[in-house]
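Structure file work_20.txt (compact mmCIF, C-alpha atoms and all ligand atoms) follows.
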```txt
# COMPACT_ATOMS: atom_id res chain seq x y z
CA MET A 854 133.97 66.55 -87.61
CA ALA A 855 133.67 63.27 -89.44
CA TYR A 856 135.75 60.29 -88.41
CA ASN A 857 136.70 57.54 -90.73
CA GLY A 858 137.25 54.95 -88.06
CA ASP A 859 134.41 53.99 -85.79
CA PHE A 860 136.98 53.47 -83.07
CA GLU A 861 137.45 57.24 -82.76
CA ALA A 862 133.78 57.99 -83.11
CA ALA A 863 133.06 55.92 -80.02
CA GLU A 864 135.86 57.52 -78.06
CA PRO A 865 133.74 59.96 -75.99
CA ARG A 866 132.66 57.00 -73.89
CA SER A 867 136.25 56.69 -72.71
CA GLN A 868 135.90 59.98 -70.81
CA GLY A 869 133.83 58.44 -68.05
CA LEU A 870 135.66 55.12 -67.97
CA PRO A 871 137.40 53.99 -64.82
CA THR A 872 141.15 53.55 -64.79
CA ALA A 873 142.42 50.03 -64.16
CA LEU A 874 145.08 49.70 -61.47
CA LYS A 875 147.14 46.56 -61.12
CA LEU A 876 148.69 44.81 -58.14
CA LEU A 877 150.37 41.41 -58.21
CA VAL A 878 150.23 38.51 -55.79
CA ALA A 879 153.28 36.28 -56.04
CA GLY A 880 154.84 33.49 -54.04
CA GLY A 881 155.91 29.91 -54.32
CA PHE A 882 153.88 26.92 -55.43
CA GLY A 883 150.84 26.46 -53.19
CA ALA A 884 151.58 29.54 -51.08
CA GLY A 885 147.95 30.69 -51.21
CA LYS A 886 147.94 33.09 -54.19
CA THR A 887 144.64 31.88 -55.65
CA THR A 888 143.06 31.83 -52.21
CA PHE A 889 144.25 35.38 -51.51
CA VAL A 890 142.94 36.77 -54.80
CA GLY A 891 139.60 35.04 -54.24
CA ALA A 892 139.29 36.35 -50.69
CA VAL A 893 139.59 40.01 -51.63
CA SER A 894 137.88 39.99 -55.00
CA GLU A 895 134.32 41.27 -55.36
CA ILE A 896 133.80 38.90 -58.27
CA GLU A 897 134.35 35.17 -58.09
CA PRO A 898 138.04 34.71 -58.80
CA LEU A 899 138.51 34.26 -62.49
CA SER A 900 141.28 32.74 -64.43
CA THR A 901 142.63 33.44 -67.84
CA GLU A 902 145.29 31.88 -69.97
CA GLU A 903 147.83 34.20 -71.42
CA THR A 904 149.97 33.23 -74.36
CA ILE A 905 153.61 34.11 -74.17
CA THR A 906 156.39 33.92 -76.64
CA THR A 907 159.43 32.11 -75.42
CA ALA A 908 161.68 32.95 -78.34
CA SER A 909 164.09 35.13 -76.38
CA ILE A 910 164.14 32.88 -73.36
CA GLY A 911 167.03 30.66 -72.43
CA THR A 912 170.59 30.55 -73.61
CA ASP A 913 170.42 27.71 -76.09
CA ASP A 914 168.82 29.56 -78.98
CA LEU A 915 171.82 29.04 -81.24
CA THR A 916 170.03 27.62 -84.22
CA GLY A 917 169.35 31.02 -85.71
CA VAL A 918 166.08 29.91 -87.22
CA GLY A 919 164.18 32.29 -84.98
CA ASP A 920 162.00 29.48 -83.77
CA LYS A 921 159.07 31.18 -82.12
CA ARG A 922 157.59 28.95 -79.48
CA THR A 923 154.57 29.91 -77.53
CA THR A 924 153.21 28.55 -74.32
CA THR A 925 150.32 29.50 -72.12
CA VAL A 926 150.13 30.10 -68.42
CA ALA A 927 147.09 30.29 -66.20
CA LEU A 928 146.61 33.49 -64.24
CA ASP A 929 144.13 34.10 -61.46
CA PHE A 930 142.68 37.51 -61.14
CA GLY A 931 140.15 39.38 -59.11
CA ARG A 932 138.62 42.84 -59.15
CA ILE A 933 137.89 45.44 -56.51
CA THR A 934 135.96 48.59 -57.36
CA ILE A 935 137.82 51.37 -55.54
CA ASP A 936 135.55 54.28 -56.46
CA SER A 937 133.91 55.69 -59.57
CA GLN A 938 137.34 56.45 -60.99
CA TYR A 939 139.46 53.39 -60.23
CA ILE A 940 139.13 49.63 -60.49
CA LEU A 941 141.81 47.51 -58.88
CA TYR A 942 142.78 44.29 -60.63
CA LEU A 943 144.75 41.77 -58.68
CA PHE A 944 146.74 39.17 -60.58
CA GLY A 945 148.11 36.00 -59.07
CA THR A 946 151.38 35.25 -60.82
CA PRO A 947 152.03 31.76 -62.18
CA GLY A 948 153.46 29.60 -59.42
CA GLN A 949 155.87 27.52 -61.45
CA ASP A 950 159.34 28.91 -61.70
CA ARG A 951 159.65 28.18 -65.38
CA PHE A 952 157.10 30.90 -66.06
CA TRP A 953 159.08 33.65 -64.41
CA TYR A 954 159.47 35.50 -67.71
CA MET A 955 155.73 35.92 -67.83
CA TRP A 956 156.03 38.20 -64.87
CA ASN A 957 157.84 40.78 -66.98
CA GLU A 958 154.77 41.32 -69.11
CA LEU A 959 152.48 41.05 -66.13
CA SER A 960 154.43 43.47 -63.97
CA GLU A 961 154.35 46.11 -66.70
CA GLY A 962 152.31 48.92 -65.16
CA ALA A 963 151.85 47.18 -61.80
CA PHE A 964 151.89 49.50 -58.80
CA GLY A 965 153.32 46.91 -56.44
CA ALA A 966 153.23 43.32 -55.27
CA VAL A 967 152.44 41.08 -52.33
CA VAL A 968 154.85 38.18 -51.94
CA LEU A 969 153.17 35.38 -50.03
CA ALA A 970 155.54 33.38 -47.88
CA ASP A 971 154.42 29.95 -46.78
CA THR A 972 155.64 29.17 -43.25
CA ARG A 973 156.24 25.55 -44.21
CA ARG A 974 158.62 26.52 -47.02
CA LEU A 975 159.81 30.09 -46.62
CA GLU A 976 162.55 29.70 -49.21
CA ASP A 977 159.98 29.06 -51.98
CA CYS A 978 159.41 32.78 -52.33
CA PHE A 979 163.05 33.59 -53.15
CA PRO A 980 162.45 33.75 -56.93
CA SER A 981 159.59 36.24 -56.40
CA LEU A 982 161.69 38.41 -54.10
CA ASP A 983 164.60 38.37 -56.54
CA PHE A 984 162.37 39.25 -59.42
CA PHE A 985 160.71 42.27 -57.82
CA GLU A 986 163.99 43.50 -56.35
CA ARG A 987 165.66 43.36 -59.74
CA ARG A 988 162.73 45.00 -61.47
CA GLY A 989 162.36 47.67 -58.83
CA THR A 990 158.70 46.84 -58.21
CA PRO A 991 157.89 47.74 -54.59
CA PHE A 992 156.57 44.82 -52.55
CA ILE A 993 155.73 43.62 -49.07
CA VAL A 994 155.92 40.10 -47.67
CA ALA A 995 152.77 38.52 -46.26
CA VAL A 996 153.41 35.44 -44.16
CA ASN A 997 150.59 33.02 -44.76
CA GLU A 998 150.17 31.09 -41.55
CA PHE A 999 149.54 27.45 -42.35
CA GLU A 1000 148.86 24.89 -39.66
CA GLY A 1001 151.94 22.79 -39.13
CA GLY A 1002 154.16 25.61 -40.32
CA HIS A 1003 156.84 27.07 -38.11
CA ASP A 1004 155.62 30.02 -36.03
CA TYR A 1005 158.01 32.70 -37.19
CA GLY A 1006 158.29 36.19 -35.76
CA PRO A 1007 158.58 38.98 -38.35
CA GLU A 1008 162.28 39.52 -37.63
CA GLU A 1009 162.97 35.81 -38.04
CA VAL A 1010 161.29 35.99 -41.44
CA ARG A 1011 163.31 39.09 -42.32
CA ALA A 1012 166.54 37.32 -41.42
CA ALA A 1013 165.58 34.08 -43.17
CA LEU A 1014 164.62 35.90 -46.36
CA ASP A 1015 167.42 38.45 -46.08
CA LEU A 1016 164.96 41.31 -46.53
CA PRO A 1017 166.09 44.92 -46.25
CA PRO A 1018 164.68 46.82 -43.25
CA GLY A 1019 162.34 48.91 -45.43
CA VAL A 1020 160.24 45.98 -46.62
CA PRO A 1021 157.14 45.50 -44.43
CA ILE A 1022 156.34 41.97 -43.24
CA VAL A 1023 152.82 41.11 -42.15
CA GLY A 1024 151.09 37.94 -41.08
CA CYS A 1025 147.90 36.93 -42.84
CA ASP A 1026 145.31 34.27 -43.39
CA ALA A 1027 144.76 34.30 -47.13
CA ARG A 1028 141.34 32.70 -46.66
CA ASP A 1029 140.05 35.63 -44.64
CA PRO A 1030 138.86 38.62 -46.73
CA ARG A 1031 139.54 41.09 -43.93
CA SER A 1032 143.03 39.76 -43.31
CA ALA A 1033 143.86 39.75 -47.02
CA THR A 1034 142.46 43.27 -47.46
CA MET A 1035 144.66 44.41 -44.55
CA VAL A 1036 147.65 43.09 -46.48
CA LEU A 1037 146.66 45.26 -49.46
CA VAL A 1038 146.26 48.27 -47.13
CA THR A 1039 149.77 47.68 -45.78
CA LEU A 1040 151.10 47.34 -49.32
CA THR A 1041 149.43 50.57 -50.43
CA LYS A 1042 150.79 52.47 -47.41
CA HIS A 1043 154.22 51.12 -48.28
CA LEU A 1044 153.78 52.27 -51.89
CA ILE A 1045 152.82 55.74 -50.71
CA SER A 1046 155.87 56.05 -48.48
CA ALA A 1047 158.12 54.61 -51.19
CA ALA A 1048 156.68 57.15 -53.66
CA SER A 1049 157.18 60.05 -51.27
CA ALA A 1050 160.74 58.92 -50.58
CA THR A 1051 161.71 59.06 -54.25
CA VAL A 1052 160.47 62.64 -54.85
CA MET B 905 144.13 26.36 -95.66
CA ALA B 906 145.75 26.63 -92.29
CA ASP B 907 148.82 28.78 -92.02
CA TYR B 908 151.20 26.46 -90.27
CA GLU B 909 153.72 29.12 -89.34
CA GLU B 910 151.07 30.93 -87.36
CA ARG B 911 149.89 27.88 -85.52
CA PRO B 912 150.74 27.86 -81.83
CA LEU B 913 150.29 24.14 -81.65
CA LEU B 914 153.84 22.96 -81.84
CA ASP B 915 154.56 23.51 -78.20
CA ASP B 916 154.80 20.39 -76.07
CA ASP B 917 152.22 21.75 -73.68
CA ALA B 918 149.83 22.95 -76.32
CA GLY B 919 147.67 19.88 -76.80
CA PRO B 920 144.46 21.25 -75.28
CA LEU B 921 144.89 24.54 -77.13
CA ILE B 922 143.75 23.19 -80.45
CA ARG B 923 140.08 23.74 -79.71
CA PRO B 924 140.37 27.25 -78.23
CA TYR B 925 142.42 28.57 -81.12
CA MET B 926 139.78 27.43 -83.59
CA ALA B 927 137.67 30.31 -82.29
CA SER B 928 140.10 32.78 -83.76
CA GLY B 929 140.60 30.75 -86.91
CA GLY B 930 143.97 29.63 -85.65
CA ARG B 931 145.25 33.19 -85.58
CA THR B 932 147.41 34.18 -82.66
CA THR B 933 148.31 37.72 -83.60
CA PRO B 934 145.73 40.39 -82.93
CA SER B 935 146.00 43.39 -85.23
CA ALA B 936 145.49 45.90 -82.44
CA SER B 937 147.71 46.22 -79.41
CA LEU B 938 145.62 44.95 -76.53
CA ASP B 939 146.43 44.22 -72.92
CA LEU B 940 144.76 41.98 -70.33
CA LEU B 941 143.46 45.19 -68.78
CA THR B 942 142.29 46.84 -72.00
CA LEU B 943 138.68 47.90 -71.49
CA VAL B 944 136.31 47.00 -74.32
CA TRP B 945 132.76 48.19 -74.87
CA GLY B 946 130.18 47.79 -77.60
CA THR B 947 129.43 50.74 -79.84
CA GLY B 948 125.99 49.37 -80.74
CA ARG B 949 126.78 49.97 -84.40
CA VAL B 950 127.00 46.35 -85.53
CA ALA B 951 124.14 43.93 -84.90
CA LEU B 952 124.87 40.68 -83.09
CA SER B 953 123.40 38.75 -86.00
CA HIS B 954 125.97 40.29 -88.32
CA VAL B 955 129.00 38.71 -86.66
CA GLU B 956 130.31 35.18 -86.18
CA PRO B 957 129.10 33.31 -83.06
CA GLU B 958 132.35 33.79 -81.09
CA HIS B 959 132.41 37.48 -81.95
CA ALA B 960 128.78 37.76 -80.92
CA GLU B 961 129.62 36.22 -77.57
CA VAL B 962 132.31 38.85 -77.02
CA LEU B 963 129.92 41.56 -78.10
CA LEU B 964 127.30 40.36 -75.63
CA LEU B 965 129.79 40.50 -72.78
CA CYS B 966 130.87 44.06 -73.48
CA LYS B 967 127.60 45.93 -73.28
CA ASP B 968 129.31 47.71 -70.40
CA PRO B 969 133.08 48.25 -70.41
CA ILE B 970 134.86 45.02 -69.51
CA SER B 971 138.52 44.00 -69.47
CA VAL B 972 140.06 41.53 -71.93
CA ALA B 973 140.98 39.38 -68.90
CA GLU B 974 137.33 39.16 -67.83
CA ILE B 975 136.10 38.35 -71.34
CA SER B 976 138.72 35.61 -71.49
CA ALA B 977 137.64 34.18 -68.16
CA HIS B 978 133.93 34.26 -68.98
CA MET B 979 134.42 32.64 -72.37
CA ARG B 980 137.02 30.22 -71.05
CA LEU B 981 139.30 31.04 -73.93
CA PRO B 982 142.94 32.13 -73.78
CA ALA B 983 143.51 35.87 -73.62
CA MET B 984 145.27 35.77 -76.98
CA VAL B 985 142.18 34.38 -78.68
CA ILE B 986 140.07 37.12 -77.12
CA LYS B 987 142.54 39.73 -78.33
CA VAL B 988 142.16 38.43 -81.88
CA LEU B 989 138.36 38.46 -81.63
CA VAL B 990 138.36 41.96 -80.12
CA SER B 991 140.63 43.33 -82.80
CA ASP B 992 138.30 41.91 -85.47
CA LEU B 993 135.40 43.68 -83.77
CA LEU B 994 137.44 46.88 -83.52
CA GLU B 995 138.09 46.81 -87.25
CA ARG B 996 134.38 46.49 -87.89
CA GLY B 997 133.55 49.31 -85.51
CA ALA B 998 131.48 46.99 -83.34
CA VAL B 999 133.48 47.79 -80.21
CA ALA B 1000 135.79 50.49 -78.94
CA ALA B 1001 138.70 49.88 -76.61
CA LEU B 1002 140.89 51.75 -74.21
CA SER B 1003 144.26 50.28 -73.22
CA PRO B 1004 146.11 51.20 -70.03
CA ASP B 1005 148.56 54.02 -70.56
CA PRO B 1006 151.99 52.34 -70.51
CA SER B 1007 153.60 55.57 -69.37
CA ALA B 1008 151.20 56.00 -66.42
CA ASP B 1009 153.05 56.91 -63.25
CA THR B 1010 152.80 54.04 -60.77
CA THR B 1011 154.13 56.28 -57.98
CA ASN B 1012 151.34 58.86 -58.35
CA THR B 1013 150.34 59.55 -54.75
CA THR B 1014 146.90 60.90 -55.69
CA VAL B 1015 146.08 57.52 -57.23
CA LEU B 1016 147.67 55.64 -54.33
CA GLU B 1017 145.68 57.66 -51.75
CA ALA B 1018 142.45 56.87 -53.63
CA LEU B 1019 143.43 53.20 -53.62
CA LEU B 1020 144.17 53.30 -49.89
CA ASN B 1021 140.83 54.97 -49.08
CA GLY B 1022 138.94 52.50 -51.24
CA LEU B 1023 140.61 49.53 -49.56
CA GLN B 1024 140.10 50.89 -46.04
CA ARG B 1025 136.39 51.36 -46.72
CA ARG B 1026 136.20 47.59 -47.22
CA LEU B 1027 137.57 46.74 -43.79
N1 LIG C 1 145.80 27.13 -43.22
C1 LIG C 1 145.81 27.91 -44.30
N2 LIG C 1 145.60 27.33 -45.50
C2 LIG C 1 145.63 28.11 -46.59
C3 LIG C 1 145.85 29.51 -46.50
N3 LIG C 1 145.85 30.03 -47.75
C4 LIG C 1 145.63 29.00 -48.59
N4 LIG C 1 145.48 27.85 -47.90
C5 LIG C 1 145.25 26.52 -48.50
O1 LIG C 1 146.41 26.12 -49.18
C6 LIG C 1 146.12 25.45 -50.40
C7 LIG C 1 146.82 26.11 -51.59
O2 LIG C 1 146.33 27.41 -51.77
P1 LIG C 1 146.24 28.11 -53.20
O3 LIG C 1 145.56 29.41 -52.99
O4 LIG C 1 145.68 27.20 -54.21
O5 LIG C 1 147.78 28.35 -53.51
P2 LIG C 1 148.44 28.92 -54.84
O6 LIG C 1 149.58 29.76 -54.42
O7 LIG C 1 147.42 29.55 -55.70
O8 LIG C 1 148.97 27.58 -55.51
P3 LIG C 1 149.56 27.39 -56.99
O9 LIG C 1 148.74 28.26 -57.91
O10 LIG C 1 149.37 25.93 -57.25
O11 LIG C 1 151.00 27.78 -56.91
C8 LIG C 1 144.62 25.46 -50.52
O12 LIG C 1 144.14 24.21 -50.09
C9 LIG C 1 144.17 26.56 -49.56
O13 LIG C 1 142.91 26.29 -49.02
C10 LIG C 1 146.04 30.08 -45.19
O14 LIG C 1 146.24 31.27 -45.02
N5 LIG C 1 146.02 29.24 -44.14
MG MG C 2 146.99 29.17 -57.76
```

Would you encode the structure as structure tokens?
Ligand SMILES: Nc1nc2c(ncn2[C@@H]2O[C@H](COP(=O)(O)OP(=O)(O)OP(=O)(O)O)[C@@H](O)[C@H]2O)c(=O)[nH]1
Ligand SMILES: [Mg+2]
Amino acid sequence: MAYNGDFEAAEPRSQGLPTALKLLVAGGFGAGKTTFVGAVSEIEPLSTEETITTASIGTDDLTGVGDKRTTTVALDFGRITIDSQYILYLFGTPGQDRFWYMWNELSEGAFGAVVLADTRRLEDCFPSLDFFERRGTPFIVAVNEFEGGHDYGPEEVRAALDLPPGVPIVGCDARDPRSATMVLVTLTKHLISAASATV
Amino acid sequence: MADYEERPLLDDDAGPLIRPYMASGGRTTPSASLDLLTLVWGTGRVALSHVEPEHAEVLLLCKDPISVAEISAHMRLPAMVIKVLVSDLLERGAVAALSPDPSADTTNTTVLEALLNGLQRRL
């Protein structure tokens, strides 16, 4: 069979291609997102700039001229080869609140998220929690233990962040690959039990 | 002549973007629908010497399947620029691409178990 487009003709290659899986790492400004992604990634952490359209954002678009503004945000990402079939990509969400709308695009197709809470400023992760709760993206909270931060117990964190009982809370050191990988293991276990609960 | 409507340069924050967007001729709209996680690989059907330098750089990077995000990071160009370059290459048959299935089930336990096993092997 002859194909017109070369795109199709090359398609057989796609049979053996791995499937990309996506997890997100969110949290407030300076909570350790970049560090976390770098610690677990098998490649040096990379960063990309994604362009987003801000046309539908905000409430003051009353001019009717359909002014299409674009802006870019920097995203960190890392990669973990799971097996011959799956590659995990981990994206650190933009830290600044004003880029929250970017998360919509980014969370499209994401399996779940880690919300990093910084013990010096727990409340900084509220926007992330709100976002994933509203979107229905399953998440866990990883408490990144900074020196000089308050030494919270998990239940103190749960109370402070008003987290429902089903959301796992784990401590971590985002600089330590093993610790950060443990966080991903906890997240994946949570995703499995959340998935089984909805069937 | 530049198409001013298409230029992304009117944003307050866009100063440093002028250079990167030159690579895609100022275009910001790729003709194919591509994602950060779209995998791209060379078909070997178009010679490096037959494409523009930026396109050749993309082509070099995708000898093996590679994501748009990784191409963007390696070339230090915004993802949107890479998407434009990749869609040019797609049109010429120089690369093929596979985008993530938007309807893929993110609660698929077979996938999640594979993910869990893969992560635990790293501990
Ligand atoms: N003590 C301690 N320091 C950490 C930990 N994780 C990150 N840091 C440090 O905290 C600082 C900020 O970490 P980043 O990873 O850049 O934080 P981020 O969330 O990416 O920051 P933004 O992208 O600016 O929002 C860096 O100097 C890290 O070395 C941790 O677990 N413990
Ligand atoms: Mg960062």

Edge lengths and centre in Å, axis-aligned, region 939-954 of chain A plus 4 Å each side, as lines of an AutoDock Vina configuration file:
```
center_x = 149.4
center_y = 40.5
center_z = -63.2
size_x = 28.5
size_y = 33.9
size_z = 17.0
```

Would you tabulate, counting only C-alpha atoms, all residues of chain B that have an atom at most 7 Å from an atom of chain A, showing the closest pair of atoms and their distance in Å to one decimal, sorted by chain then ascending number, as a tab-separated table?
```
residue	atom	partner	partner_atom	distance
B:Pro912	CA	A:Thr923	CA	6.1
B:Asp915	CA	A:Arg922	CA	6.4
B:Asp917	CA	A:Thr924	CA	6.9
B:Ala918	CA	A:Thr924	CA	6.8
B:Leu941	CA	A:Ala873	CA	6.8
B:Thr947	CA	A:Ala863	CA	6.3
B:Ala973	CA	A:Thr901	CA	6.3
B:Ser976	CA	A:Thr901	CA	5.8
B:Ala977	CA	A:Thr901	CA	5.1
B:Pro982	CA	A:Glu902	CA	4.5
B:Ala983	CA	A:Glu903	CA	5.1
B:Met984	CA	A:Thr904	CA	6.0
B:Leu994	CA	A:Phe860	CA	6.6
B:Gly997	CA	A:Asp859	CA	4.8
B:Ala1000	CA	A:Phe860	CA	5.2
B:Leu1002	CA	A:Ser867	CA	6.9
B:Pro1006	CA	A:Gly962	CA	6.4
B:Thr1010	CA	A:Phe964	CA	5.0
B:Thr1011	CA	A:Ala1048	CA	5.1
B:Thr1013	CA	A:Ile1045	CA	6.1
B:Leu1016	CA	A:Ile1045	CA	6.3
B:Leu1019	CA	A:Ile935	CA	6.2
B:Leu1020	CA	A:Thr1041	CA	6.0
B:Gly1022	CA	A:Ile935	CA	4.6
B:Leu1023	CA	A:Val1038	CA	6.3
B:Gln1024	CA	A:Val1038	CA	6.8
B:Leu1027	CA	A:Arg1031	CA	6.0
```

So which residues touch Pro934 (chain B) within 10 Å, counting only C-alpha atoms, skipping near sequence neighbours fewer than 4 positions away, as a list of chain:residue names? B:Ser928, B:Leu938, B:Met984, B:Val985, B:Ile986, B:Lys987, B:Val988, B:Leu989, B:Val990, B:Ser991, B:Asp992

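Relative to CA of Arg1028 (chain A), atom O2 of ligand LIG 1 (chain C) is found at 8.9 Å.
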
Could you list the protein, DNA and RNA residues that have any atom within 10 Å of ligand LIG 1 (chain C), counting only C-alpha atoms and all ligand atoms, and write them as a compact mmCIF listing (two decimals) with C-alpha atoms, keeping the file's coordinate frame?
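The result, written out as out.txt:
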```txt
# COMPACT_ATOMS: atom_id res chain seq x y z
CA VAL A 878 150.23 38.51 -55.79
CA ALA A 879 153.28 36.28 -56.04
CA GLY A 880 154.84 33.49 -54.04
CA GLY A 881 155.91 29.91 -54.32
CA PHE A 882 153.88 26.92 -55.43
CA GLY A 883 150.84 26.46 -53.19
CA ALA A 884 151.58 29.54 -51.08
CA GLY A 885 147.95 30.69 -51.21
CA LYS A 886 147.94 33.09 -54.19
CA THR A 887 144.64 31.88 -55.65
CA THR A 888 143.06 31.83 -52.21
CA PHE A 889 144.25 35.38 -51.51
CA VAL A 890 142.94 36.77 -54.80
CA GLY A 891 139.60 35.04 -54.24
CA ALA A 892 139.29 36.35 -50.69
CA ALA A 927 147.09 30.29 -66.20
CA LEU A 928 146.61 33.49 -64.24
CA ASP A 929 144.13 34.10 -61.46
CA GLY A 945 148.11 36.00 -59.07
CA THR A 946 151.38 35.25 -60.82
CA PRO A 947 152.03 31.76 -62.18
CA GLY A 948 153.46 29.60 -59.42
CA GLN A 949 155.87 27.52 -61.45
CA ASP A 950 159.34 28.91 -61.70
CA LEU A 969 153.17 35.38 -50.03
CA ALA A 970 155.54 33.38 -47.88
CA ASP A 971 154.42 29.95 -46.78
CA THR A 972 155.64 29.17 -43.25
CA ALA A 995 152.77 38.52 -46.26
CA VAL A 996 153.41 35.44 -44.16
CA ASN A 997 150.59 33.02 -44.76
CA GLU A 998 150.17 31.09 -41.55
CA PHE A 999 149.54 27.45 -42.35
CA GLU A 1000 148.86 24.89 -39.66
CA GLY A 1001 151.94 22.79 -39.13
CA GLY A 1002 154.16 25.61 -40.32
CA GLY A 1024 151.09 37.94 -41.08
CA CYS A 1025 147.90 36.93 -42.84
CA ASP A 1026 145.31 34.27 -43.39
CA ALA A 1027 144.76 34.30 -47.13
CA ARG A 1028 141.34 32.70 -46.66
CA ASP A 1029 140.05 35.63 -44.64
CA SER A 1032 143.03 39.76 -43.31
CA ALA A 1033 143.86 39.75 -47.02
```

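Nearest-residue note for ligand MG 2 (chain C): choosing from A:Phe944, A:Asp977, A:Asp1004, A:Ile896, the minimum distance belongs to A:Phe944, counting all atoms listed in the file.
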
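Taking CA of Leu981 (chain B) and CA of Ser894 (chain A) as endpoints, the distance between them is 21.0 Å.
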
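Atom pair CA of Leu943 (chain B) / CA of Ser1007 (chain B): separated by 16.9 Å.
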
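Excluding region 1014-1018 of chain A itself and any same-chain residue fewer than 4 positions from it, the protein and nucleic acid residues within 12 Å of it, counting all atoms listed in the file, are Val968, Ala970, Asp971, Thr972, Arg974, Leu975, Glu976, Asp977, Cys978, Phe979, Pro980, Ser981, Leu982, Asp983, Glu986, Phe992, Ile993, Val994, Val996, Tyr1005, Pro1007, Glu1008, Glu1009, Val1010 and Ile1022 of chain A.
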
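Within 8 Å of Asp939 (chain B), once only C-alpha atoms are used and residues closer than 5 positions along the same chain are dropped, the contacting residues are Val972, Ser1003 and Pro1004 of chain B.
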
May I have the protein, DNA and RNA residues with an atom at most 7 Å from (133.9, 50.0, -74.3), counting all atoms listed in the file in the file's coordinates, returned as a PyMOL selection string? chain B and resi 943-946+966+968-970+999-1001
